[in-house]
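Below is one structure, written out as structure tokens; comments come after it.
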Amino acid sequence: MNVPPGPEFFRQQQQAWSRRTFLGKSAQALGALALGSLINPRLLAGDAGVGGRWSGIISSPQFPPRAKRVIHLYMAGGPSHLETFDYKPELNRIHGQPFPESFTRGQQLAQLQNTKLLARGSSFRFSRCGLSGQMISDLLPYTQQIADDICIIRSLHTEQINHDPAHAFMNAGSMIKGRPSMGSWLLYGLGAETENLPGFVVLMSRGPSGGEQPVSARQWSAGFLPSRFQGVQFQSTGMPVHYVGNPDGVCQSTQRQVIDEIARLNGIHEEETLDPEVQTRIAQYELAFKMQSSVPDLTDLSSEPASIREMYGVKELGDGSFASNCLVARRLAERGVRFIQLYHRGWDQHSNLDQDIQSACLKVDQASAALVQDLKQRGMLDDTLVLWGGEFGRTPMGQGTGRDHHINAFSAWMAGGGIRGGLTWGSTDDMGYRYVDDAQQMHVHDLHATMLAAFGIDHEKLTYRFQGRDFRLTDVHGKVSQGIFA
Amino acid sequence: MHETALFLGHFHPVWVHLPIGIFLLLALLEAAALLARVRGFGWLPALPERQRTLILAAGTLAAAVAAALGWLLSRGGDYDPALVHRHRLLGFAAAAGAMVLLAVHRRRWLYLPALPLFLGLLAVASHAGGQLTHGSDFLTAHLPERWRARLGFAPAPAPPPPADFEHAVVFADVVQPILAERCISCHGSAKSSGGLRLDSWELLSKGGKHGPLFKGSDLAGNELIRRIELAPADKEHMPPRGKPQLSPDDLTVLEWWVGTGAQRDSRVAAMDLPTAVDEILGPRLGRAPDPVPDRAATLAAAAQTAASMGILIRSMSPDEPWLDVNAAPAGRAFGDLDLARLLPLASAIVWLDLDGTAVTDGGMPALESMLRLERLHLARLPVGDLSLAHLSHLRRLQYLNLRGTKVTDRGLPALRPLSELRALYVWQTAVTPAAVKALGDSIIDARKIALWTAQRDQLDQRIAAERFEGNTGEALRAPVPPVASK
């Protein structure tokens, strides 16, 4: 019935906007407006206009900035610090003997609760490496070669003893659901340096190892921040984004028209509701359109020379291995992505530690070191902060042939982004059981504060008002470890 | 014996105030007693004979002790011999005068005129002592000019007008003012500790009792620099603990002067100043500093420029106008003309990233006015050796990325004036390691590294000397045996 609308139609429309509808709509709109301005005045101020660039809430840094992007090599499962970066000869000495009770009395343990605790030394040798003489396990021969570029942190400690909450704690500084992850905070604070790719990208290694703990997508969620700041997971095999190409018969100009029309319609909807999430939707459509050309370019690893592929140890391009992901991570960094997170599972060695940790190290060691060296030769390590580490450590007490989860001490390393290479930061007691509580201790909150400081951000100033309270990544904690910067 | 004598002698400057105080008190009491005879002042106390005897005896004894201590000090102190001789004569005379006074005090007609005479002698003797420690004009140095003329003093020597940058001589106009401010009070005409005087070129180059200060331009063998750089707690540190210390800027200037061979007549303008020294000497020699643009105006202009050109410009500081300009997002759309359009912001740009843009050799002259540049990315630009000549004025440059450019060995010498340059990236260019090393050798002051290495070795030697085997807690509490001396 293709009758052009006559006067009758408009009368109906006017009636449709009854008093009740009008009041209802108005209240909703005002509510959304009020909520929006509570959330963040700049979300309404047009800075993030339709499909526009988000340049971040921080207009000028509080400290001198050093870093521009983060590559987080996330060793999910909890790598044992005692086999990798924390050399404990005293623990080796009492190997097999009862673990001194003075360490463990009244302490929370995961699966070792109410069992007989025996000390377990490390089966692997440690070497002094580089000019700095940092102690690194022989399990990581490639990492040993970059000893002078990395800062090993031995005094990390966390609060959550099981994988999922501990991942949440490492990512968002809280185990509570709905908190933004650090990548989202950084994107909210600074925006990204590209409009063609998401500012926060997640990749997960794939490979035949099995028995890996799952990592939930909430680890890169934007929480209560507008969802345009959430991490976007790329597929690590095949095309990183599904259906990124146009279907047959649709050309790029048609696609452009479709996107523009959808943006117009969404814009009308946004004027009615003033919901910032509509903004997100418009931005996502625009981003997706741009990714139709940027993503194929990103994943075209054939442009990488063989020497680079060999350096990372990539066997087959785009095979989803950690090595391949590291190479993609560097390409993402080159293209201006702010926060890149590479998950590699396979560090949860409750049993069969000696064999399994060897295979885990074999999979990540070469590529991690190659990434640092590649960034360095490109002159990108000066402003790229690389973080290598997991969500917690492992007990110095044995659990059969393995080790249990451990929150009182674990190790990680950082490189680039103004971090002082060749430095060993913090220490643990003789057993590697607990961090030494001095100026170099580093709680996860302190790690977050320090990482933000590398971007010139005072972690106490990067806040977001939600449900009547100003939230921040470090909650009410966090101390910047100034000494870690060169 | 000599040690003990010198130890006691150093109590002279303290003890000497005791007899002076006693005799001043005596003078006050005598004056009161005399005045008490005048009508209306009968309430003032008389001075009984026995009290007078007691006070005089105490004062005489104290004066004798002071004279003895002074004699001990005069044998070992590092003072101007003529001044010491005068003070010694006057001091002994004063002590003798006190004894005479004690002998005659019962004969009133002799005692009353003798007392003021004696006080006069005491004043002259004390002043001679004061001149020894504080310099010969310590009382009148800060006499206001109008009093000076009225009292018949010669007008104070006007401070020489600070030489302007063009004509300043390094030693006379830069080094000597530093020495005069911090060193001359102990190493000057009145007092020459360690037999060292720094108040003229001849005396300074002669050195002190430990030998000459300089061995050519060798920083490590330079006693002046070594003493200043020692830890403040060290016994040999200069200036001694508690005295006003040299500022880090002073030290930088002295190190540079010694490093250039410690010449007397070299002119500042004729020398190749490292940036750090240049920035210190500029203001001291009255040169106008580099202009600092207005922050608000700069940021407003920056926002407009960024929006119109599709590049990223971020503020780098909460209270300074400094900018981080990233043209990489604009990619090939950003060319030489666009670079020239950044000129209004030139004096505020600290970081500049042109990686992957279409800028060519023709755009390079625009960089010349960016005097604040610290980080410069020229990676992957089709620029060659000629471009580097445009960078030689960027004296604050610390980071230069020339990866994948057409630069060769022939261009690198143009970078020699960049004394702050610490990171140079030339991967994927024709530049050879030998050329990079040659550039590094010309930029980095190897003598400073040698100095620090020597200091570290020295420290290691001292630690080794103080370390002993079997170092248990017991031994640490035992007295350390003194190091055998010849």
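Naming works like this for the structure tokens: A, B, ... for the chains as they're shown, residue 1 at the start of each chain, ligands 1 onward in shown order.
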**OP:** Return as a PyMOL selection string the residues belonging to chain B that are within 12 Å of chain A, counting only C-alpha atoms.
**Re:** chain B and resi 295-296+299+303+306-307+310-331+350-351+353+355-356+374-380+398-404+422-429
Could the residues in this selection be saved with C-alpha atoms as a short mmCIF file (atom, residue, chain, number, x, y, z; two decimals), in the first residue's frame?
data_model
loop_
_atom_site.label_atom_id
_atom_site.label_comp_id
_atom_site.auth_asym_id
_atom_site.auth_seq_id
_atom_site.Cartn_x
_atom_site.Cartn_y
_atom_site.Cartn_z
CA ARG B 295 51.08 27.52 26.79
CA ALA B 296 47.43 28.40 26.25
CA LEU B 299 47.66 24.44 22.83
CA ALA B 303 44.30 21.68 18.52
CA ALA B 306 45.82 18.68 14.55
CA ALA B 307 42.18 18.74 13.52
CA GLY B 310 44.53 14.68 10.68
CA ILE B 311 47.58 14.32 12.91
CA LEU B 312 47.87 13.82 16.67
CA ILE B 313 49.22 16.53 18.92
CA ARG B 314 49.35 15.98 22.67
CA SER B 315 50.44 18.27 25.44
CA MET B 316 53.40 16.86 27.33
CA SER B 317 53.25 18.79 30.56
CA PRO B 318 50.59 20.26 32.86
CA ASP B 319 52.29 23.66 33.03
CA GLU B 320 54.69 23.95 30.10
CA PRO B 321 53.79 24.40 26.42
CA TRP B 322 55.69 21.33 25.20
CA LEU B 323 54.07 19.19 22.50
CA ASP B 324 54.25 15.65 21.20
CA VAL B 325 53.42 15.77 17.49
CA ASN B 326 52.64 12.48 15.77
CA ALA B 327 52.11 12.78 12.02
CA ALA B 328 52.16 9.02 11.44
CA PRO B 329 48.33 8.68 11.51
CA ALA B 330 48.11 10.98 8.49
CA GLY B 331 50.52 8.69 6.66
CA VAL B 350 59.58 18.23 21.87
CA TRP B 351 58.69 14.91 20.24
CA ASP B 353 57.13 11.46 14.70
CA ASP B 355 57.47 7.79 10.48
CA GLY B 356 55.92 6.66 7.22
CA GLU B 374 64.27 15.72 22.04
CA ARG B 375 62.84 12.80 20.07
CA LEU B 376 62.71 12.76 16.28
CA HIS B 377 61.40 9.87 14.15
CA LEU B 378 62.39 10.08 10.52
CA ALA B 379 62.11 6.34 9.97
CA ARG B 380 61.27 5.13 6.47
CA GLN B 398 68.34 12.75 22.54
CA TYR B 399 66.67 10.25 20.21
CA LEU B 400 66.96 10.11 16.44
CA ASN B 401 65.38 7.36 14.37
CA LEU B 402 66.80 7.10 10.84
CA ARG B 403 65.76 3.51 10.18
CA GLY B 404 65.17 2.70 6.54
CA ARG B 422 71.91 9.05 23.29
CA ALA B 423 69.93 6.83 20.91
CA LEU B 424 70.47 6.63 17.16
CA TYR B 425 68.63 4.06 15.04
CA VAL B 426 70.14 3.29 11.64
CA TRP B 427 68.86 -0.21 10.98
CA GLN B 428 68.13 -0.86 7.28
CA THR B 429 70.44 1.95 6.14
#
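Proximity to Ala446 (chain B) at 12 Å, evaluated using only C-alpha atoms and with sequence-adjacent residues fewer than 5 positions away removed, yields Ser217, Asp218, Leu219, Ala220, Gly259, Gly440, Asp441, Leu451, Trp452 and Thr453 of chain B.
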**OP:** Excluding Leu117 (chain A) and any residue of its chain fewer than 6 positions from it, enumerate the residues within 9 Å of it, using only C-alpha atoms, and give them as a PyMOL selection string.
**Re:** chain A and resi 97-101+397-399
**OP:** List every residue of region 318-455 of chain B that DSSP, applied to the backbone, labels as strand (DSSP E), and write the result as a PyMOL selection string.
**Re:** chain B and resi 323-326+349-353+375-377+399-401+423-425
Subject >> Neighbour list for Gly346 (chain A) as a list in words, cut-off 7 Å, only C-alpha atoms, skip fewer than 3 positions in-chain >> reply: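 Neighbouring residues, sequence-local ones excluded: Ala76, Gly77, Glu212 and Ala360 of chain A.
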**OP:** Provide the CA of Ala66 (chain B) to CA of Ala94 (chain B) distance in Å, to one decimal place.
**Re:**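 Atom-to-atom, CA of Ala66 (chain B) and CA of Ala94 (chain B) are spaced 10.4 Å apart.
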**OP:** List the neighbours of Leu265 (chain A) out to 12 Å using only C-alpha atoms; skip same-chain residues closer than 5 positions along the sequence, and give me the result as a list of chain:residue names.
**Re:** A:Val50, A:Val258, A:Ile259, A:Asp260, A:Glu270, A:Glu271, A:Glu272, A:Val278, A:Gln279, A:Arg281, A:Ile282
Subject >> Non-local contacts of region 236-245 of chain B (8 Å; only C-alpha atoms; under 3 positions in same chain excluded) as a ChimeraX atom specification >> reply: /B:182-183,227-233
Dump N, CA and C atoms for the selected residues as a tab-separated table (two decimals), in the first residue's frame?
chain	number	residue	atom	x	y	z
B	182	ARG	N	82.82	29.34	46.70
B	182	ARG	CA	82.75	28.12	47.51
B	182	ARG	C	84.08	27.67	48.10
B	183	CYS	N	85.21	28.15	47.58
B	183	CYS	CA	86.49	27.53	47.96
B	183	CYS	C	87.45	28.49	48.64
B	227	ARG	N	87.91	15.29	44.58
B	227	ARG	CA	87.48	15.69	45.92
B	227	ARG	C	86.02	16.14	45.92
B	228	ILE	N	85.64	16.89	44.91
B	228	ILE	CA	84.27	17.41	44.87
B	228	ILE	C	83.27	16.27	44.67
B	229	GLU	N	83.67	15.26	43.87
B	229	GLU	CA	82.73	14.19	43.54
B	229	GLU	C	82.64	13.11	44.61
B	230	LEU	N	83.53	13.13	45.58
B	230	LEU	CA	83.45	12.12	46.65
B	230	LEU	C	82.12	12.27	47.39
B	231	ALA	N	81.71	11.18	48.06
B	231	ALA	CA	80.47	11.25	48.83
B	231	ALA	C	80.61	12.31	49.91
B	232	PRO	N	79.53	13.06	50.19
B	232	PRO	CA	79.62	14.15	51.16
B	232	PRO	C	80.12	13.70	52.53
B	233	ALA	N	79.89	12.43	52.89
B	233	ALA	CA	80.30	11.96	54.20
B	233	ALA	C	81.80	11.66	54.24
**OP:** Find the residues around Trp71 (chain B) up to 10 Å (only C-alpha atoms counted), leave out those fewer than 6 positions away in its own chain, and share them as a ChimeraX atom specification.
**Re:** /B:5-6,9,12,65,84,88,91-92
Subject >> Filtered DSSP result for region 98-321 of chain B, state alpha helix (DSSP H), as number ranges by chain >> reply: B: 98-104, 108-134, 145-150, 176-182, 201-206, 223-229, 248-259, 275-284, 295-309
